[in-house]
Each structure stands twice: as C-alpha cells, then as structure tokens.
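Below is one structure, written out as structure tokens; comments come after it.
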Amino acid sequence: MSTGLMHLHHYLPFLFFIVLIISIVRAAVNKIPNAKKDIFLTLTLIFAHIQLFIGLVLLIPKMAVVVDWNGVMGNEASRVLLVEHPLTMLIAVVLITLGKVKAKKIEDNAKANKTVFGYFSVALILIVLRTPWEKLF
C-alpha cells in the first residue's frame with residue numbers, strides 16, 4: 001500500500017499544478033464568474049487536500065522512527081524531507097483553502113478573483129520553492 005501511495009503522491013502533483021495554474025490564470029484575467037461554484041477552484045482545493053493527506057500518511061511513519069532530531073536538522077536532505085517540505089506544503093494548502101473560502105464570501109466577482117489570485121499565487125510560489133524537483137523528474 002505504501003508503494004501505491006508513493007506513486008500517487010509522485011504523479012498527482014502534475015494534475016495539481018495544471019489545475020492550480022489554470023485557476024490562477026483565470027483569476028488574473030477575471031474569468032471566474034462564481035467562486036462558489038467554479039469547478040477549477042474546487043478541483044484545486046480537492047487535489048491540494050488529497051496531496052497533503054497522502055503526504056502526511058507517508059510522513060508519519062518516517063517521523064516515528066526519528067530519534068535524533070539534531071541529526072535531522074543538521075542533515076540538509078533529511079531536514080528538507082522531514083521538516084521544510086511538509087511544513088511549506090501545509091502552509092500552501094492552508095492558503096489555497098483560505099483563498100477559496102474568502103472568495104466564496106465575496107459578492108463582487110472582481111474582488112473574488114483578486115482574492116483567489118493573491119492566495120493561490122503565494123501558495124504556488126511556496127509549492128514551487130519546496131517541491132523536490134530532482135525526485136519529480
């Protein structure tokens with residue numbers, strides 16, 4: 001089961017990136033007519049949460065066997081894998097969630113699009129900065 005989750009966690013980001021970028025571009029050109037019912041915003045939120053959940057399921061067993069956190073923090077590869085990547089991705093998913101929730105509450109479409117654009121863009125930047133690209137390709 002772990003292997004299947006690892007493969008899913010490896011390939012799902014490609015769909016997630018596509019949907020996230022489409023959502024950002026649509027928000028930038030003010031083409032999201034209704035943030036409450038927009039399929040791309042919903043798919044972005046769903047993919048982000050699935051990716052985070054799978055990542056946490058894969059992370060918990062790795063963290064359970066760590067006995068020397070000083071060694072983890074001193075080793076760049078293990079620090080990125082066990083601390084920086086998960087924490088940054090958690091922050092990005094929170095930003096995506098906040099952006100969608102706030103945009104749903106805004107009646108003015110232009111303001112809702114700006115809200116989505118701002119939150120989703122910052123989330124994309126965080127995701128791009130902490131994605132282990134060498135493992136993805």
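Letters for chains follow the order of the structure tokens (A, B, ...), residue numbers begin at 1 for each chain, and ligand numbers begin at 1 in the order shown.
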>> If we count only C-alpha atoms and set the cut-off at 9 Å, which residues sit around range 74-84 of chain A, ignoring sequence neighbours fewer than 5 positions away in its own chain? Please answer as a ChimeraX atom specification.
In response: /A:59,62-63,69,89,130,132
Got a sec to tell me which of chain A DSSP assigns to helix (DSSP H, G or I), as a compact mmCIF listing (two decimals) with N, CA, C and O atoms, in the first residue's frame?
```txt
# COMPACT_ATOMS: atom_id res chain seq x y z
N SER A 2 1.97 1.22 0.72
CA SER A 2 2.86 2.37 0.79
C SER A 2 3.41 2.73 -0.58
O SER A 2 3.54 3.90 -0.91
N THR A 3 3.72 1.71 -1.37
CA THR A 3 4.26 1.96 -2.71
C THR A 3 3.22 2.66 -3.58
O THR A 3 3.53 3.59 -4.32
N GLY A 4 1.97 2.21 -3.48
CA GLY A 4 0.90 2.84 -4.25
C GLY A 4 0.69 4.29 -3.85
O GLY A 4 0.49 5.17 -4.70
N LEU A 5 0.75 4.56 -2.55
CA LEU A 5 0.61 5.94 -2.08
C LEU A 5 1.79 6.79 -2.53
O LEU A 5 1.61 7.97 -2.88
N MET A 6 2.98 6.21 -2.53
CA MET A 6 4.15 6.96 -3.00
C MET A 6 4.01 7.31 -4.48
O MET A 6 4.34 8.42 -4.90
N HIS A 7 3.52 6.36 -5.28
CA HIS A 7 3.32 6.64 -6.70
C HIS A 7 2.25 7.71 -6.90
O HIS A 7 2.40 8.61 -7.73
N LEU A 8 1.17 7.63 -6.13
CA LEU A 8 0.11 8.63 -6.23
C LEU A 8 0.63 10.01 -5.81
O LEU A 8 0.35 11.01 -6.46
N HIS A 9 1.42 10.05 -4.74
CA HIS A 9 1.99 11.31 -4.26
C HIS A 9 3.01 11.86 -5.25
O HIS A 9 3.29 13.05 -5.27
N HIS A 10 3.56 10.98 -6.08
CA HIS A 10 4.53 11.41 -7.08
C HIS A 10 3.85 11.96 -8.33
O HIS A 10 4.32 12.94 -8.91
N TYR A 11 2.75 11.33 -8.76
CA TYR A 11 2.12 11.72 -10.03
C TYR A 11 0.98 12.72 -9.89
O TYR A 11 0.68 13.45 -10.83
N LEU A 12 0.32 12.77 -8.75
CA LEU A 12 -0.78 13.70 -8.55
C LEU A 12 -0.35 15.17 -8.65
O LEU A 12 -1.13 16.00 -9.13
N PRO A 13 0.87 15.53 -8.27
CA PRO A 13 1.26 16.95 -8.41
C PRO A 13 1.18 17.48 -9.84
O PRO A 13 0.94 18.67 -10.04
N PHE A 14 1.35 16.62 -10.83
CA PHE A 14 1.26 17.10 -12.20
C PHE A 14 -0.16 17.63 -12.49
O PHE A 14 -0.32 18.71 -13.04
N LEU A 15 -1.18 16.87 -12.09
CA LEU A 15 -2.56 17.35 -12.25
C LEU A 15 -2.81 18.57 -11.38
O LEU A 15 -3.46 19.53 -11.81
N PHE A 16 -2.30 18.52 -10.17
CA PHE A 16 -2.48 19.63 -9.23
C PHE A 16 -1.88 20.93 -9.78
O PHE A 16 -2.52 21.98 -9.74
N PHE A 17 -0.65 20.86 -10.32
CA PHE A 17 -0.02 22.05 -10.89
C PHE A 17 -0.86 22.62 -12.03
O PHE A 17 -1.06 23.83 -12.14
N ILE A 18 -1.34 21.74 -12.90
CA ILE A 18 -2.13 22.19 -14.05
C ILE A 18 -3.39 22.92 -13.58
O ILE A 18 -3.70 24.02 -14.04
N VAL A 19 -4.12 22.30 -12.66
CA VAL A 19 -5.37 22.90 -12.18
C VAL A 19 -5.09 24.19 -11.41
O VAL A 19 -5.83 25.18 -11.55
N LEU A 20 -4.04 24.20 -10.61
CA LEU A 20 -3.69 25.41 -9.84
C LEU A 20 -3.32 26.55 -10.78
O LEU A 20 -3.78 27.69 -10.60
N ILE A 21 -2.54 26.28 -11.79
CA ILE A 21 -2.14 27.33 -12.74
C ILE A 21 -3.35 27.82 -13.53
O ILE A 21 -3.50 29.02 -13.77
N ILE A 22 -4.23 26.91 -13.93
CA ILE A 22 -5.45 27.33 -14.63
C ILE A 22 -6.28 28.24 -13.74
O ILE A 22 -6.80 29.27 -14.19
N SER A 23 -6.41 27.89 -12.48
CA SER A 23 -7.18 28.73 -11.54
C SER A 23 -6.55 30.10 -11.39
O SER A 23 -7.26 31.12 -11.36
N ILE A 24 -5.24 30.15 -11.28
CA ILE A 24 -4.54 31.43 -11.13
C ILE A 24 -4.71 32.29 -12.37
O ILE A 24 -5.00 33.49 -12.29
N VAL A 25 -4.54 31.70 -13.55
CA VAL A 25 -4.67 32.46 -14.80
C VAL A 25 -6.10 32.96 -14.97
O VAL A 25 -6.33 34.12 -15.33
N ARG A 26 -7.08 32.11 -14.68
CA ARG A 26 -8.48 32.53 -14.79
C ARG A 26 -8.78 33.67 -13.82
O ARG A 26 -9.52 34.59 -14.15
N ALA A 27 -8.22 33.61 -12.62
CA ALA A 27 -8.44 34.69 -11.66
C ALA A 27 -7.73 35.97 -12.12
O ALA A 27 -8.25 37.07 -11.92
N ALA A 28 -6.56 35.83 -12.73
CA ALA A 28 -5.80 37.00 -13.18
C ALA A 28 -6.53 37.76 -14.28
O ALA A 28 -6.47 38.99 -14.34
N ILE A 39 -15.58 25.04 -10.95
CA ILE A 39 -15.04 23.68 -10.92
C ILE A 39 -13.53 23.67 -10.74
O ILE A 39 -12.99 22.80 -10.04
N PHE A 40 -12.82 24.62 -11.33
CA PHE A 40 -11.36 24.62 -11.20
C PHE A 40 -10.91 24.97 -9.78
O PHE A 40 -9.94 24.41 -9.27
N LEU A 41 -11.61 25.89 -9.15
CA LEU A 41 -11.28 26.20 -7.75
C LEU A 41 -11.55 24.99 -6.86
O LEU A 41 -10.76 24.67 -5.98
N THR A 42 -12.64 24.31 -7.12
CA THR A 42 -12.97 23.12 -6.33
C THR A 42 -11.97 22.01 -6.58
O THR A 42 -11.51 21.36 -5.63
N LEU A 43 -11.60 21.78 -7.83
CA LEU A 43 -10.59 20.75 -8.13
C LEU A 43 -9.23 21.09 -7.52
O LEU A 43 -8.53 20.21 -7.01
N THR A 44 -8.88 22.37 -7.55
CA THR A 44 -7.62 22.78 -6.94
C THR A 44 -7.63 22.47 -5.45
O THR A 44 -6.67 21.92 -4.91
N LEU A 45 -8.72 22.80 -4.80
CA LEU A 45 -8.85 22.53 -3.37
C LEU A 45 -8.81 21.03 -3.08
O LEU A 45 -8.12 20.58 -2.17
N ILE A 46 -9.52 20.25 -3.88
CA ILE A 46 -9.56 18.80 -3.67
C ILE A 46 -8.18 18.19 -3.88
O ILE A 46 -7.71 17.39 -3.05
N PHE A 47 -7.52 18.53 -4.98
CA PHE A 47 -6.18 17.97 -5.25
C PHE A 47 -5.19 18.38 -4.18
O PHE A 47 -4.33 17.59 -3.78
N ALA A 48 -5.27 19.63 -3.72
CA ALA A 48 -4.35 20.09 -2.67
C ALA A 48 -4.54 19.29 -1.39
O ALA A 48 -3.56 18.85 -0.77
N HIS A 49 -5.78 19.06 -1.01
CA HIS A 49 -6.03 18.33 0.23
C HIS A 49 -5.68 16.84 0.10
O HIS A 49 -5.15 16.25 1.04
N ILE A 50 -5.95 16.26 -1.05
CA ILE A 50 -5.57 14.86 -1.25
C ILE A 50 -4.05 14.72 -1.20
O ILE A 50 -3.52 13.81 -0.55
N GLN A 51 -3.36 15.61 -1.89
CA GLN A 51 -1.89 15.56 -1.91
C GLN A 51 -1.33 15.74 -0.50
O GLN A 51 -0.41 15.02 -0.09
N LEU A 52 -1.88 16.66 0.26
CA LEU A 52 -1.42 16.88 1.64
C LEU A 52 -1.70 15.65 2.50
O LEU A 52 -0.84 15.22 3.26
N PHE A 53 -2.88 15.08 2.38
CA PHE A 53 -3.24 13.92 3.19
C PHE A 53 -2.32 12.74 2.88
O PHE A 53 -1.80 12.09 3.80
N ILE A 54 -2.08 12.47 1.60
CA ILE A 54 -1.19 11.37 1.23
C ILE A 54 0.21 11.63 1.75
O ILE A 54 0.89 10.74 2.26
N GLY A 55 0.67 12.87 1.62
CA GLY A 55 2.00 13.22 2.12
C GLY A 55 2.12 13.01 3.62
O GLY A 55 3.13 12.50 4.10
N LEU A 56 1.09 13.39 4.36
CA LEU A 56 1.13 13.19 5.82
C LEU A 56 1.08 11.71 6.18
O LEU A 56 1.76 11.27 7.11
N VAL A 57 0.31 10.92 5.44
CA VAL A 57 0.25 9.47 5.69
C VAL A 57 1.63 8.85 5.43
O VAL A 57 2.06 7.97 6.17
N LEU A 58 2.32 9.33 4.42
CA LEU A 58 3.67 8.81 4.13
C LEU A 58 4.70 9.35 5.13
O LEU A 58 5.70 8.69 5.40
N LEU A 59 4.48 10.53 5.68
CA LEU A 59 5.44 11.17 6.56
C LEU A 59 5.43 10.61 7.98
O LEU A 59 6.48 10.46 8.60
N ILE A 60 4.27 10.30 8.48
CA ILE A 60 4.14 9.90 9.89
C ILE A 60 5.03 8.71 10.24
O ILE A 60 5.73 8.75 11.26
N PRO A 61 5.05 7.63 9.46
CA PRO A 61 5.96 6.52 9.82
C PRO A 61 7.44 6.92 9.80
O PRO A 61 8.22 6.43 10.61
N LYS A 62 7.81 7.81 8.91
CA LYS A 62 9.21 8.26 8.85
C LYS A 62 9.58 9.07 10.08
O LYS A 62 10.68 8.95 10.61
N MET A 63 8.65 9.90 10.53
CA MET A 63 8.92 10.73 11.71
C MET A 63 8.91 9.90 12.99
O MET A 63 9.57 10.26 13.96
N ALA A 64 8.16 8.79 12.98
CA ALA A 64 8.05 7.97 14.19
C ALA A 64 9.37 7.28 14.54
O ALA A 64 9.63 6.99 15.71
N TRP A 69 16.70 14.30 16.49
CA TRP A 69 16.26 15.44 15.69
C TRP A 69 17.39 16.41 15.41
O TRP A 69 17.35 17.14 14.42
N ASN A 70 18.43 16.42 16.24
CA ASN A 70 19.59 17.27 15.95
C ASN A 70 20.27 16.78 14.68
O ASN A 70 20.75 17.58 13.88
N GLY A 71 20.33 15.47 14.52
CA GLY A 71 20.91 14.90 13.31
C GLY A 71 20.08 15.21 12.08
O GLY A 71 20.61 15.48 11.01
N VAL A 72 18.77 15.18 12.23
CA VAL A 72 17.87 15.50 11.11
C VAL A 72 18.07 16.95 10.70
O VAL A 72 18.18 17.27 9.52
N MET A 73 18.09 17.84 11.70
CA MET A 73 18.22 19.26 11.38
C MET A 73 19.61 19.60 10.84
O MET A 73 19.78 20.57 10.11
N GLY A 74 20.60 18.80 11.18
CA GLY A 74 21.95 19.04 10.69
C GLY A 74 22.19 18.51 9.30
O GLY A 74 23.11 18.94 8.61
N GLU A 76 20.97 18.33 5.56
CA GLU A 76 20.08 19.10 4.69
C GLU A 76 19.02 18.23 4.01
O GLU A 76 17.85 18.61 3.96
N ALA A 77 19.38 17.07 3.53
CA ALA A 77 18.43 16.22 2.82
C ALA A 77 17.30 15.76 3.74
O ALA A 77 16.12 15.82 3.37
N SER A 78 17.64 15.32 4.93
CA SER A 78 16.60 14.86 5.85
C SER A 78 15.78 16.03 6.39
O SER A 78 14.58 15.89 6.63
N ARG A 79 16.40 17.19 6.56
CA ARG A 79 15.66 18.37 7.03
C ARG A 79 14.62 18.79 6.00
O ARG A 79 13.47 19.08 6.35
N VAL A 80 15.01 18.79 4.74
CA VAL A 80 14.06 19.15 3.69
C VAL A 80 12.92 18.13 3.63
O VAL A 80 11.75 18.49 3.55
N LEU A 81 13.25 16.85 3.70
CA LEU A 81 12.26 15.79 3.59
C LEU A 81 11.30 15.74 4.77
O LEU A 81 10.09 15.58 4.60
N LEU A 82 11.81 15.92 5.97
CA LEU A 82 11.00 15.73 7.17
C LEU A 82 10.45 17.02 7.79
O LEU A 82 9.51 16.96 8.58
N VAL A 83 11.02 18.18 7.42
CA VAL A 83 10.57 19.41 8.07
C VAL A 83 10.12 20.46 7.05
O VAL A 83 8.96 20.88 7.06
N GLU A 84 11.03 20.89 6.19
CA GLU A 84 10.74 22.03 5.32
C GLU A 84 9.65 21.73 4.30
O GLU A 84 8.73 22.53 4.13
N HIS A 85 9.76 20.61 3.59
CA HIS A 85 8.77 20.27 2.57
C HIS A 85 7.37 20.11 3.17
O HIS A 85 6.43 20.76 2.70
N PRO A 86 7.20 19.30 4.22
CA PRO A 86 5.84 19.15 4.76
C PRO A 86 5.26 20.45 5.33
O PRO A 86 4.08 20.75 5.11
N LEU A 87 6.07 21.22 6.03
CA LEU A 87 5.57 22.45 6.63
C LEU A 87 5.19 23.48 5.57
O LEU A 87 4.14 24.12 5.66
N THR A 88 6.00 23.61 4.54
CA THR A 88 5.70 24.55 3.46
C THR A 88 4.46 24.13 2.70
O THR A 88 3.62 24.97 2.36
N MET A 89 4.31 22.85 2.45
CA MET A 89 3.13 22.36 1.74
C MET A 89 1.87 22.55 2.58
O MET A 89 0.80 22.88 2.06
N LEU A 90 1.99 22.36 3.87
CA LEU A 90 0.84 22.60 4.77
C LEU A 90 0.42 24.06 4.71
O LEU A 90 -0.78 24.38 4.59
N ILE A 91 1.38 24.96 4.74
CA ILE A 91 1.08 26.39 4.65
C ILE A 91 0.43 26.71 3.31
O ILE A 91 -0.55 27.47 3.24
N ALA A 92 0.93 26.12 2.22
CA ALA A 92 0.36 26.36 0.89
C ALA A 92 -1.09 25.87 0.80
O ALA A 92 -1.95 26.56 0.25
N VAL A 93 -1.37 24.71 1.35
CA VAL A 93 -2.74 24.19 1.32
C VAL A 93 -3.67 25.05 2.17
O VAL A 93 -4.81 25.30 1.79
N VAL A 94 -3.17 25.55 3.29
CA VAL A 94 -3.97 26.46 4.11
C VAL A 94 -4.27 27.73 3.33
O VAL A 94 -5.40 28.24 3.36
N LEU A 95 -3.29 28.25 2.60
CA LEU A 95 -3.52 29.45 1.79
C LEU A 95 -4.54 29.20 0.68
O LEU A 95 -5.41 30.06 0.42
N ILE A 96 -4.47 28.04 0.04
CA ILE A 96 -5.45 27.71 -1.00
C ILE A 96 -6.84 27.62 -0.40
O ILE A 96 -7.81 28.13 -0.96
N THR A 97 -6.94 26.98 0.75
CA THR A 97 -8.23 26.84 1.41
C THR A 97 -8.78 28.21 1.82
O THR A 97 -9.96 28.50 1.58
N LEU A 98 -7.94 29.04 2.42
CA LEU A 98 -8.37 30.38 2.81
C LEU A 98 -8.81 31.21 1.60
O LEU A 98 -9.80 31.93 1.66
N GLY A 99 -8.05 31.11 0.52
CA GLY A 99 -8.39 31.86 -0.68
C GLY A 99 -9.74 31.47 -1.23
O GLY A 99 -10.55 32.33 -1.60
N LYS A 100 -10.01 30.17 -1.28
CA LYS A 100 -11.31 29.72 -1.80
C LYS A 100 -12.45 30.12 -0.87
O LYS A 100 -13.49 30.60 -1.32
N VAL A 101 -12.26 29.95 0.43
CA VAL A 101 -13.31 30.29 1.40
C VAL A 101 -13.60 31.78 1.38
O VAL A 101 -14.77 32.20 1.37
N LYS A 102 -12.56 32.61 1.36
CA LYS A 102 -12.78 34.06 1.35
C LYS A 102 -13.44 34.50 0.04
O LYS A 102 -14.30 35.38 0.04
N ALA A 103 -13.02 33.90 -1.09
CA ALA A 103 -13.60 34.28 -2.38
C ALA A 103 -15.08 33.89 -2.45
O ALA A 103 -15.88 34.61 -3.07
N LYS A 104 -15.45 32.79 -1.82
CA LYS A 104 -16.86 32.37 -1.81
C LYS A 104 -17.73 33.38 -1.09
O LYS A 104 -18.90 33.55 -1.43
N LYS A 105 -17.19 34.06 -0.09
CA LYS A 105 -17.97 35.00 0.71
C LYS A 105 -18.08 36.39 0.07
O LYS A 105 -18.89 37.20 0.49
N ASN A 109 -17.42 39.92 -8.10
CA ASN A 109 -16.57 38.95 -8.82
C ASN A 109 -15.13 39.44 -8.99
O ASN A 109 -14.19 38.66 -8.93
N ALA A 110 -14.95 40.73 -9.23
CA ALA A 110 -13.60 41.26 -9.41
C ALA A 110 -12.79 41.10 -8.13
O ALA A 110 -11.62 40.69 -8.17
N LYS A 111 -13.39 41.39 -6.99
CA LYS A 111 -12.70 41.24 -5.71
C LYS A 111 -12.45 39.76 -5.41
O LYS A 111 -11.40 39.40 -4.86
N ALA A 112 -13.40 38.92 -5.74
CA ALA A 112 -13.23 37.48 -5.52
C ALA A 112 -12.08 36.94 -6.37
O ALA A 112 -11.27 36.14 -5.89
N ASN A 113 -11.99 37.41 -7.61
CA ASN A 113 -10.89 36.99 -8.48
C ASN A 113 -9.54 37.46 -7.95
O ASN A 113 -8.56 36.72 -7.99
N LYS A 114 -9.50 38.69 -7.43
CA LYS A 114 -8.26 39.20 -6.83
C LYS A 114 -7.85 38.38 -5.62
O LYS A 114 -6.67 38.09 -5.42
N THR A 115 -8.83 38.01 -4.82
CA THR A 115 -8.56 37.20 -3.63
C THR A 115 -7.98 35.84 -4.02
O THR A 115 -6.98 35.40 -3.47
N VAL A 116 -8.63 35.19 -4.97
CA VAL A 116 -8.14 33.89 -5.44
C VAL A 116 -6.75 34.04 -6.02
O VAL A 116 -5.85 33.25 -5.71
N PHE A 117 -6.55 35.05 -6.85
CA PHE A 117 -5.24 35.26 -7.47
C PHE A 117 -4.15 35.44 -6.41
O PHE A 117 -3.09 34.83 -6.50
N GLY A 118 -4.41 36.25 -5.41
CA GLY A 118 -3.40 36.52 -4.39
C GLY A 118 -3.04 35.29 -3.58
O GLY A 118 -1.87 34.92 -3.47
N TYR A 119 -4.04 34.64 -3.02
CA TYR A 119 -3.79 33.47 -2.17
C TYR A 119 -3.19 32.30 -2.96
O TYR A 119 -2.24 31.66 -2.52
N PHE A 120 -3.77 32.03 -4.13
CA PHE A 120 -3.30 30.90 -4.91
C PHE A 120 -1.89 31.15 -5.46
O PHE A 120 -1.09 30.22 -5.57
N SER A 121 -1.58 32.39 -5.81
CA SER A 121 -0.24 32.71 -6.33
C SER A 121 0.83 32.52 -5.26
O SER A 121 1.90 31.95 -5.53
N VAL A 122 0.55 32.99 -4.05
CA VAL A 122 1.51 32.79 -2.96
C VAL A 122 1.68 31.30 -2.67
O VAL A 122 2.79 30.81 -2.46
N ALA A 123 0.57 30.57 -2.70
CA ALA A 123 0.64 29.12 -2.49
C ALA A 123 1.48 28.46 -3.58
O ALA A 123 2.31 27.59 -3.28
N LEU A 124 1.29 28.87 -4.82
CA LEU A 124 2.08 28.30 -5.92
C LEU A 124 3.56 28.59 -5.74
O LEU A 124 4.41 27.71 -5.96
N ILE A 125 3.89 29.78 -5.33
CA ILE A 125 5.30 30.13 -5.10
C ILE A 125 5.90 29.24 -4.02
O ILE A 125 7.00 28.70 -4.17
N LEU A 126 5.18 29.07 -2.92
CA LEU A 126 5.68 28.20 -1.85
C LEU A 126 5.85 26.76 -2.33
O LEU A 126 6.85 26.11 -2.01
N ILE A 127 4.88 26.28 -3.09
CA ILE A 127 4.95 24.91 -3.59
C ILE A 127 6.14 24.73 -4.53
O ILE A 127 6.87 23.76 -4.43
N VAL A 128 6.33 25.69 -5.41
CA VAL A 128 7.46 25.60 -6.36
C VAL A 128 8.80 25.64 -5.63
O VAL A 128 9.73 24.92 -5.98
N LEU A 129 8.88 26.46 -4.58
CA LEU A 129 10.14 26.58 -3.85
C LEU A 129 10.50 25.31 -3.07
O LEU A 129 11.68 25.03 -2.88
N ARG A 130 9.53 24.56 -2.60
CA ARG A 130 9.82 23.40 -1.76
C ARG A 130 9.49 22.06 -2.40
O ARG A 130 9.51 21.04 -1.74
N TRP A 133 12.21 18.82 -6.98
CA TRP A 133 12.16 18.64 -8.43
C TRP A 133 13.04 17.49 -8.90
O TRP A 133 12.71 16.82 -9.88
N GLU A 134 14.15 17.24 -8.22
CA GLU A 134 15.03 16.15 -8.63
C GLU A 134 14.36 14.79 -8.48
O GLU A 134 14.68 13.86 -9.20
N LYS A 135 13.40 14.68 -7.56
CA LYS A 135 12.67 13.42 -7.37
C LYS A 135 11.46 13.34 -8.27
O LYS A 135 10.94 12.26 -8.53
N LEU A 136 10.98 14.49 -8.74
CA LEU A 136 9.76 14.51 -9.54
C LEU A 136 10.02 14.10 -10.98
O LEU A 136 9.17 13.52 -11.63
```
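Coordinates place CA of Asp108 in chain A at a distance of 14.4 Å from CA of Lys37 in chain A.
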